[in-house]
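Peer 1: The structure's right below; bear with me while I get my questions together.
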Amino acid sequence: MSVRVRFAPSPTGPLHIGGVRTALYNYLFARKNGGKMLLRIEDTDQNRYVPGAEEYILESLQWLGIEIDEGQGVGGPHAPYRQSERKAMYRQYAEQLITAGKAYYAFDTADEIEAMRQRLEEAGADAAQYNAITRVQMTNSLTLSAEEVQQRIGKGDPYVIRIKIDPKQEIRFKDIIREWVVVHASTLDDKVLLKSDGMPTYHLANIVDDHLMGITHVIRGEEWLPSAPLHVLMYQYFGWEAPQFAHLPLLLKPEGNGKLSKRDADLGGFPIFPLLWQDPNTGTTARGFREDGYLKEALVNFLAFLGWNPGTEQELFTMDELIEAFSLERIHKAGARFDIAKAKWFNQQYLKAKSDEELVDSLQSMVGGSGAEQTHNGKPINLQTVNLKQDNLLKICRLMKDRVTFPQEILTEATFLFDAPDTYEEAVVTSKWNADAVKAIGAYIEDLKTYEGDFLADAVKAVWAATTEREGIKMGKVMQALRLAVTGVGHGPDLMLTMEILGKEEVIKRLEKALDVLTS
Ligand code: GLU
């Protein structure tokens, strides 16, 4: 049997990061087993349809490298399946169940159903449901005569089709992750399968499609576990073989208790959507991992570990390595804490591993526009100070790569390059700015002025070594003062490379300014 899995999102808004994880696990499982991955847009609920949501889903998957093997939607062989394009065909399946005595027409109005609910509540019933007990008092094809049913349908009375749950049985199935799930059918209600507008509900469309598309494994979020017994029963009623189920653990709040929500993300200042989303109805925006500077490799790696582990110490996995290592059996039942610090850690690792050349592309696009668009802590970054030609950008990447979490920080954390210091870190001034420092820096300025060679890190270091030696000052003792003079602070990345990037003129200007400001 060849594996066929599907990712079946509803286009009701931006794809949540939990949905992305579901898609990823389906993809890993399909690839690992040489199977096929389908994308099916479950858009039968027109009221909840949000324009742009489908495009958002496609773009998110594409960005992350989650490839779809099959779809037959309008727009080409790789367009996803869309339930809205298949809607005409679901009715016959609901009617097939009616013929088999497993479903029925129900004509009750909203008011009648409400009245039934109230009656039950007043009588102290546990759950006010349309089920085996209550259906006998309602207006449906089980209580009306066959003629009356035909007559009502004939004159266009609105009706739904409901599943007829036989309450005297236990429903059991073995979930790959949760083991045996056992539910008594008496706890289920007679769910609507076909709505009065002729559209299928989620349950009907989902089961029919999974069957027709030959889905072998349904891998989806834990929130669908309560629906699974109904689905298993529906497969029985149709006389179809059910796929295997694997319900993925919930994503939990960063502190670990309760389900992760948008609010947690807002409070914690992190995204829970893959891409930036602008809501077409409200105009509000929600941040995205991509725009926040997460690398796709890092996000994939992070998501893979939210609910699964390889059982070894290895943490960094490429997509191919994940495919190789993945198995549904190693997914755990317990909820997975959404630890954004871990996502940042992954990002750092992947950023560090990138070559300067790869990083320079993203830096280029950041400095490409007018410099004034770039701000840091609300202040525009002055991109005029340093030469932003390709070779210098490469050096900036090399300087900053190990010290940042996100690509944009290569710019925003390097403001010491773009702005000559206005102030100097006080503790460093007190401890390191002394007569030796003044003397060494004064002499260094003169030596740099007469230095004619290329202004490269090794060379400026050699000049500094020669200056301090000639002046009889230990280089180590005045190093931090030099850093202070150039950057205004006592710590930072490679100082010699910093000076190389700044260039001779700017370095001399900064040294002179420091002498001026700090010795007066
Ligand atoms: N359309 C459902 C969703 O939005 C699909 C659930 C399933 O995978 O069965 O998640």
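Residues in the structure tokens are named by chain (A, B, ... in the order shown) and by number from 1 within that chain; ligands are numbered from 1 in the order shown.
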So that I can see what lies close to Glu409 of chain A, please list as a list in words the residues with an atom at most 12 Å from it, counting only C-alpha atoms and leaving out residues fewer than 4 positions away in the same chain.
Peer 2: Asp292, Gly293, Tyr294, Gln348, Leu351, Leu359, Ser362, Leu363, Met366, Gln374, Thr375, His376, Asn377, Ile381, Ile396, Cys397, Leu399, Met400, Lys401, Asp402, Arg403, Val404, Thr405, Glu413, Ala414 and Thr415 of chain A
Peer 1: With N, CA, C and O atoms retained, write the just-selected residues as a compact mmCIF listing (two decimals), in the first residue's frame.
Peer 2:
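Wrote it out as result-v2.txt, contents follow:
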```
# COMPACT_ATOMS: atom_id res chain seq x y z
N ASP A 292 9.90 38.60 10.29
CA ASP A 292 10.65 38.87 11.51
C ASP A 292 12.11 38.42 11.40
O ASP A 292 12.88 38.63 12.33
N GLY A 293 12.44 37.77 10.31
CA GLY A 293 13.85 37.43 10.10
C GLY A 293 14.19 35.98 10.41
O GLY A 293 15.37 35.63 10.53
N TYR A 294 13.17 35.13 10.56
CA TYR A 294 13.48 33.72 10.76
C TYR A 294 13.84 33.09 9.42
O TYR A 294 13.18 33.36 8.41
N GLN A 348 19.87 31.37 15.06
CA GLN A 348 21.28 31.73 15.22
C GLN A 348 22.19 30.70 14.58
O GLN A 348 23.15 31.04 13.89
N LEU A 351 21.96 30.94 10.84
CA LEU A 351 22.53 32.20 10.37
C LEU A 351 24.06 32.11 10.35
O LEU A 351 24.72 32.47 9.38
N LEU A 359 24.55 35.93 3.06
CA LEU A 359 23.93 36.94 3.92
C LEU A 359 23.91 38.31 3.28
O LEU A 359 23.02 39.11 3.52
N SER A 362 20.65 39.45 1.64
CA SER A 362 19.56 40.01 2.43
C SER A 362 19.94 41.39 2.96
O SER A 362 19.10 42.28 3.08
N LEU A 363 21.22 41.57 3.25
CA LEU A 363 21.67 42.89 3.70
C LEU A 363 21.48 43.92 2.58
O LEU A 363 21.03 45.04 2.80
N MET A 366 18.15 45.19 2.36
CA MET A 366 17.82 46.10 3.47
C MET A 366 18.37 47.49 3.25
O MET A 366 17.76 48.49 3.62
N GLN A 374 15.60 52.72 7.24
CA GLN A 374 16.09 51.81 8.25
C GLN A 374 16.19 52.52 9.59
O GLN A 374 16.86 53.54 9.70
N THR A 375 15.49 51.98 10.58
CA THR A 375 15.57 52.61 11.90
C THR A 375 15.99 51.58 12.93
O THR A 375 15.84 50.38 12.74
N HIS A 376 16.51 52.06 14.01
CA HIS A 376 16.85 51.20 15.14
C HIS A 376 16.46 51.94 16.41
O HIS A 376 16.85 53.09 16.59
N ASN A 377 15.65 51.28 17.24
CA ASN A 377 15.11 51.94 18.43
C ASN A 377 14.48 53.29 18.08
O ASN A 377 14.67 54.28 18.78
N ILE A 381 18.82 54.84 10.88
CA ILE A 381 20.22 54.44 10.79
C ILE A 381 20.85 55.24 9.66
O ILE A 381 20.34 55.26 8.54
N ILE A 396 30.88 43.51 6.68
CA ILE A 396 29.92 43.76 7.76
C ILE A 396 29.26 42.44 8.18
O ILE A 396 29.09 42.16 9.36
N CYS A 397 28.94 41.61 7.20
CA CYS A 397 28.37 40.29 7.51
C CYS A 397 29.35 39.46 8.33
O CYS A 397 28.99 38.83 9.31
N LEU A 399 31.72 40.50 10.21
CA LEU A 399 31.89 41.12 11.53
C LEU A 399 30.75 40.72 12.48
O LEU A 399 30.97 40.45 13.65
N MET A 400 29.52 40.70 11.95
CA MET A 400 28.34 40.62 12.82
C MET A 400 27.70 39.24 12.92
O MET A 400 26.91 38.99 13.83
N LYS A 401 28.01 38.39 11.97
CA LYS A 401 27.30 37.12 11.83
C LYS A 401 27.16 36.31 13.12
O LYS A 401 26.11 35.78 13.43
N ASP A 402 28.24 36.21 13.87
CA ASP A 402 28.21 35.39 15.08
C ASP A 402 27.50 36.05 16.24
O ASP A 402 27.31 35.45 17.29
N ARG A 403 27.12 37.30 16.08
CA ARG A 403 26.61 38.05 17.22
C ARG A 403 25.13 38.34 17.12
O ARG A 403 24.59 39.05 17.98
N VAL A 404 24.48 37.89 16.08
CA VAL A 404 23.09 38.26 15.89
C VAL A 404 22.20 37.02 15.76
O VAL A 404 22.68 35.92 15.48
N THR A 405 20.91 37.24 15.95
CA THR A 405 19.93 36.17 15.82
C THR A 405 19.20 36.26 14.49
O THR A 405 18.79 35.26 13.92
N GLU A 413 22.21 45.99 14.79
CA GLU A 413 23.15 45.82 15.91
C GLU A 413 24.52 46.40 15.57
O GLU A 413 25.45 46.30 16.36
N ALA A 414 24.65 46.95 14.41
CA ALA A 414 25.95 47.51 14.00
C ALA A 414 25.86 49.03 13.90
O ALA A 414 26.55 49.64 13.10
N THR A 415 25.02 49.61 14.72
CA THR A 415 24.85 51.07 14.61
C THR A 415 26.16 51.80 14.92
O THR A 415 26.35 52.92 14.47
```
Peer 1: Give me, as an mmCIF file with all heavy atoms, in the first residue's frame, the set of residues whose atoms come within 8 Å of any atom of ligand 1, counting only C-alpha atoms and all ligand atoms.
Peer 2:
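Below you can see selection_21.cif, which holds the result:
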```
data_model
loop_
_atom_site.group_PDB
_atom_site.id
_atom_site.type_symbol
_atom_site.label_atom_id
_atom_site.label_comp_id
_atom_site.auth_asym_id
_atom_site.auth_seq_id
_atom_site.Cartn_x
_atom_site.Cartn_y
_atom_site.Cartn_z
ATOM 1 N N ARG A 6 -2.703 13.962 3.320
ATOM 2 C CA ARG A 6 -3.198 15.264 2.844
ATOM 3 C C ARG A 6 -3.073 16.296 3.952
ATOM 4 O O ARG A 6 -3.137 15.990 5.142
ATOM 5 C CB ARG A 6 -4.614 15.156 2.320
ATOM 6 C CG ARG A 6 -5.820 15.020 3.245
ATOM 7 C CD ARG A 6 -5.654 14.491 4.602
ATOM 8 N NE ARG A 6 -6.885 14.272 5.316
ATOM 9 C CZ ARG A 6 -7.246 14.924 6.426
ATOM 10 N NH1 ARG A 6 -6.467 15.842 6.944
ATOM 11 N NH2 ARG A 6 -8.376 14.627 7.031
ATOM 12 N N PHE A 7 -2.867 17.537 3.541
ATOM 13 C CA PHE A 7 -3.002 18.662 4.449
ATOM 14 C C PHE A 7 -4.275 19.351 4.006
ATOM 15 O O PHE A 7 -4.448 19.624 2.814
ATOM 16 C CB PHE A 7 -1.778 19.576 4.335
ATOM 17 C CG PHE A 7 -1.872 20.815 5.188
ATOM 18 C CD1 PHE A 7 -2.213 20.727 6.530
ATOM 19 C CD2 PHE A 7 -1.605 22.070 4.650
ATOM 20 C CE1 PHE A 7 -2.311 21.872 7.317
ATOM 21 C CE2 PHE A 7 -1.693 23.209 5.432
ATOM 22 C CZ PHE A 7 -2.037 23.109 6.765
ATOM 23 N N ALA A 8 -5.191 19.577 4.958
ATOM 24 C CA ALA A 8 -6.550 20.000 4.581
ATOM 25 C C ALA A 8 -7.000 21.267 5.312
ATOM 26 O O ALA A 8 -7.960 21.250 6.066
ATOM 27 C CB ALA A 8 -7.525 18.856 4.868
ATOM 28 N N PRO A 9 -6.316 22.358 5.105
ATOM 29 C CA PRO A 9 -6.669 23.573 5.859
ATOM 30 C C PRO A 9 -7.955 24.225 5.353
ATOM 31 O O PRO A 9 -8.332 24.053 4.200
ATOM 32 C CB PRO A 9 -5.484 24.497 5.593
ATOM 33 C CG PRO A 9 -4.995 24.096 4.240
ATOM 34 C CD PRO A 9 -5.214 22.609 4.163
ATOM 35 N N SER A 10 -8.599 24.953 6.249
ATOM 36 C CA SER A 10 -9.750 25.772 5.852
ATOM 37 C C SER A 10 -9.256 27.205 5.676
ATOM 38 O O SER A 10 -8.546 27.713 6.536
ATOM 39 C CB SER A 10 -10.816 25.734 6.943
ATOM 40 O OG SER A 10 -11.234 24.406 7.129
ATOM 41 N N PRO A 11 -9.633 27.850 4.581
ATOM 42 C CA PRO A 11 -9.105 29.200 4.324
ATOM 43 C C PRO A 11 -9.888 30.260 5.088
ATOM 44 O O PRO A 11 -10.548 31.103 4.498
ATOM 45 C CB PRO A 11 -9.274 29.346 2.813
ATOM 46 C CG PRO A 11 -10.460 28.485 2.490
ATOM 47 C CD PRO A 11 -10.477 27.358 3.487
ATOM 48 N N GLY A 19 -0.817 24.744 12.178
ATOM 49 C CA GLY A 19 -1.184 24.181 10.878
ATOM 50 C C GLY A 19 0.054 23.917 10.035
ATOM 51 O O GLY A 19 0.128 22.922 9.305
ATOM 52 N N ILE A 41 -8.050 22.228 -0.018
ATOM 53 C CA ILE A 41 -8.590 23.417 0.638
ATOM 54 C C ILE A 41 -10.037 23.114 1.031
ATOM 55 O O ILE A 41 -10.875 22.850 0.173
ATOM 56 C CB ILE A 41 -8.525 24.636 -0.322
ATOM 57 C CG1 ILE A 41 -7.083 24.883 -0.788
ATOM 58 C CG2 ILE A 41 -9.115 25.869 0.337
ATOM 59 C CD1 ILE A 41 -6.118 25.343 0.277
ATOM 60 N N GLU A 42 -10.315 23.142 2.328
ATOM 61 C CA GLU A 42 -11.650 22.810 2.815
ATOM 62 C C GLU A 42 -12.448 24.098 2.973
ATOM 63 O O GLU A 42 -12.497 24.701 4.039
ATOM 64 C CB GLU A 42 -11.547 22.001 4.115
ATOM 65 C CG GLU A 42 -10.727 20.721 3.893
ATOM 66 C CD GLU A 42 -11.123 19.552 4.771
ATOM 67 O OE1 GLU A 42 -11.459 19.767 5.947
ATOM 68 O OE2 GLU A 42 -11.089 18.406 4.260
ATOM 69 N N ASP A 43 -13.042 24.483 1.858
ATOM 70 C CA ASP A 43 -13.694 25.804 1.801
ATOM 71 C C ASP A 43 -15.199 25.695 1.579
ATOM 72 O O ASP A 43 -15.774 26.469 0.836
ATOM 73 C CB ASP A 43 -13.049 26.638 0.682
ATOM 74 C CG ASP A 43 -13.111 25.931 -0.673
ATOM 75 O OD1 ASP A 43 -13.523 24.761 -0.712
ATOM 76 O OD2 ASP A 43 -12.741 26.548 -1.687
ATOM 77 N N TYR A 202 -18.251 19.979 7.205
ATOM 78 C CA TYR A 202 -16.869 19.505 7.276
ATOM 79 C C TYR A 202 -16.806 17.974 7.339
ATOM 80 O O TYR A 202 -16.032 17.344 6.601
ATOM 81 C CB TYR A 202 -16.179 20.130 8.503
ATOM 82 C CG TYR A 202 -15.018 19.315 9.027
ATOM 83 C CD1 TYR A 202 -13.828 19.222 8.308
ATOM 84 C CD2 TYR A 202 -15.129 18.613 10.225
ATOM 85 C CE1 TYR A 202 -12.774 18.448 8.773
ATOM 86 C CE2 TYR A 202 -14.085 17.839 10.697
ATOM 87 C CZ TYR A 202 -12.910 17.751 9.970
ATOM 88 O OH TYR A 202 -11.889 16.984 10.419
ATOM 89 N N ASN A 206 -15.051 15.922 4.360
ATOM 90 C CA ASN A 206 -13.754 15.421 4.787
ATOM 91 C C ASN A 206 -13.649 13.899 4.597
ATOM 92 O O ASN A 206 -12.665 13.396 4.037
ATOM 93 C CB ASN A 206 -13.577 15.827 6.262
ATOM 94 C CG ASN A 206 -12.205 15.545 6.812
ATOM 95 O OD1 ASN A 206 -11.962 14.465 7.336
ATOM 96 N ND2 ASN A 206 -11.289 16.503 6.710
ATOM 97 N N VAL A 218 -4.423 9.859 8.183
ATOM 98 C CA VAL A 218 -4.912 11.204 8.501
ATOM 99 C C VAL A 218 -4.070 11.721 9.664
ATOM 100 O O VAL A 218 -4.159 11.218 10.780
ATOM 101 C CB VAL A 218 -6.408 11.164 8.873
ATOM 102 C CG1 VAL A 218 -6.841 12.489 9.499
ATOM 103 C CG2 VAL A 218 -7.239 10.852 7.639
ATOM 104 N N ILE A 219 -3.210 12.688 9.343
ATOM 105 C CA ILE A 219 -2.319 13.257 10.366
ATOM 106 C C ILE A 219 -2.779 14.689 10.586
ATOM 107 O O ILE A 219 -2.715 15.510 9.671
ATOM 108 C CB ILE A 219 -0.857 13.232 9.876
ATOM 109 C CG1 ILE A 219 -0.454 11.805 9.499
ATOM 110 C CG2 ILE A 219 0.081 13.812 10.933
ATOM 111 C CD1 ILE A 219 0.863 11.723 8.711
ATOM 112 N N ARG A 220 -3.297 14.976 11.767
ATOM 113 C CA ARG A 220 -3.873 16.307 11.997
ATOM 114 C C ARG A 220 -3.796 16.655 13.474
ATOM 115 O O ARG A 220 -3.438 15.827 14.311
ATOM 116 C CB ARG A 220 -5.322 16.334 11.506
ATOM 117 C CG ARG A 220 -6.210 15.358 12.232
ATOM 118 C CD ARG A 220 -7.616 15.318 11.636
ATOM 119 N NE ARG A 220 -8.407 14.278 12.277
ATOM 120 C CZ ARG A 220 -9.606 13.882 11.855
ATOM 121 N NH1 ARG A 220 -10.154 14.451 10.788
ATOM 122 N NH2 ARG A 220 -10.261 12.935 12.488
ATOM 123 N N GLY A 221 -4.165 17.889 13.792
ATOM 124 C CA GLY A 221 -4.028 18.388 15.157
ATOM 125 C C GLY A 221 -4.976 17.712 16.135
ATOM 126 O O GLY A 221 -6.019 17.172 15.760
ATOM 127 N N TRP A 224 -8.897 17.826 16.521
ATOM 128 C CA TRP A 224 -9.823 17.012 15.718
ATOM 129 C C TRP A 224 -10.074 15.639 16.314
ATOM 130 O O TRP A 224 -10.885 14.879 15.792
ATOM 131 C CB TRP A 224 -9.300 16.875 14.278
ATOM 132 C CG TRP A 224 -9.181 18.223 13.660
ATOM 133 C CD1 TRP A 224 -8.046 18.959 13.500
ATOM 134 C CD2 TRP A 224 -10.258 19.052 13.197
ATOM 135 N NE1 TRP A 224 -8.345 20.193 12.963
ATOM 136 C CE2 TRP A 224 -9.693 20.268 12.761
ATOM 137 C CE3 TRP A 224 -11.639 18.874 13.111
ATOM 138 C CZ2 TRP A 224 -10.464 21.315 12.250
ATOM 139 C CZ3 TRP A 224 -12.403 19.907 12.597
ATOM 140 C CH2 TRP A 224 -11.809 21.104 12.178
#
```
Peer 1: Show me, as a list in words, the residues that have an atom within 6 Å of Ile163 of chain A when counting only C-alpha atoms, minus same-chain residues fewer than 5 positions from it.
Peer 2: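 Counting only C-alpha atoms, the residues come to Ala103, Asp190 and Lys191 of chain A.
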Peer 1: I need the residues of segment 40-151 of chain A that end up classed as helix (DSSP H, G or I) by DSSP on the backbone, written out as a VMD selection string.
Peer 2: chain A and resid 46 to 48 53 to 64 83 to 99 110 to 122 135 to 137 146 to 151
Peer 1: Tell me, as a list in words, which residues lie within 10 Å of Val5 of chain A, counting only C-alpha atoms; anything in the same chain fewer than 6 positions away does not count.
Peer 2: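 That gives Ala23, Tyr25, Asn26, Tyr27, Phe29, Ala30, Gly35, Lys36, Met37, Leu38, Leu39, Asp210, Met213, Gly214, Ile215, Thr216, His217, Val218, Ile219 and Pro243 of chain A.
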Peer 1: Return the single residue from A:Ala485, A:Leu316, A:Ala466, A:Ala420 that is closest to Ala437 of chain A, with distances computed using only C-alpha atoms.
Peer 2: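 Closest residue, counting only C-alpha atoms: A:Ala485.
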Peer 1: Using only C-alpha atoms, can you tell me which of A:Gly198, A:Gly65, A:Val232, A:Phe270 comes closest to Thr318 of chain A?
Peer 2: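 Distance minimum relative to Thr318 of chain A lands on A:Gly65.
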Peer 1: Let me make sure I understand: among A:Met499, A:Ala94, A:Leu306, A:Ala457, which one has the smallest atom-to-atom distance to Leu194 of chain A if we use only C-alpha atoms?
Peer 2: A:Ala94
Peer 1: Among segment 338-448 of chain A, which ones does DSSP place in strand (DSSP E), written as number ranges by chain?
Peer 2: A: 375-376, 379-380
Peer 1: Tell me, in Å to one decimal, how far atom CA of Asp69 of chain A is from atom CA of Met199 of chain A.
Peer 2: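 Value for the atom CA of Asp69 of chain A-atom CA of Met199 of chain A distance: 27.3 Å.
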Peer 1: Which value, in Å to one decimal, gives the distance between atom CA of Ile177 of chain A and atom CA of Phe289 of chain A?
Peer 2: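 Going from atom CA of Ile177 of chain A over to atom CA of Phe289 of chain A, I get 28.3 Å.
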Peer 1: Report, in Å with one decimal, the straight-line distance from atom CA of Ala465 of chain A to atom CA of Leu515 of chain A.
Peer 2: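 Computing it gives 19.3 Å between the two atoms.
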Peer 1: So that each row is one residue of segment 145-182 of chain A with an atom at most 12 Å from segment 108-115 of chain A, can you give its shortest atom pair and the distance in Å to one decimal, using only C-alpha atoms, rows by chain and rising number, as a tab-separated table?
Peer 2:
```
residue	atom	partner	partner_atom	distance
A:Arg152	CA	A:Asp108	CA	11.7
A:Asp157	CA	A:Asp108	CA	10.0
A:Pro158	CA	A:Thr109	CA	8.4
A:Tyr159	CA	A:Asp108	CA	7.4
A:Val160	CA	A:Asp108	CA	8.6
A:Ile161	CA	A:Asp108	CA	11.0
A:Arg162	CA	A:Asp108	CA	11.4
```
Peer 1: Pick out the residues sitting within 12 Å of Glu179 of chain A, and hand them over as a ChimeraX atom specification; count only C-alpha atoms, and ignore anything fewer than 2 positions along from it in its own chain.
Peer 2: /A:172-177,181-182,244-247,329,331-333
Peer 1: Could you tell me which of A:Gly442, A:Lys352, A:Ile17, A:Thr44 comes closest to His203 of chain A if we count only C-alpha atoms?
Peer 2: A:Thr44
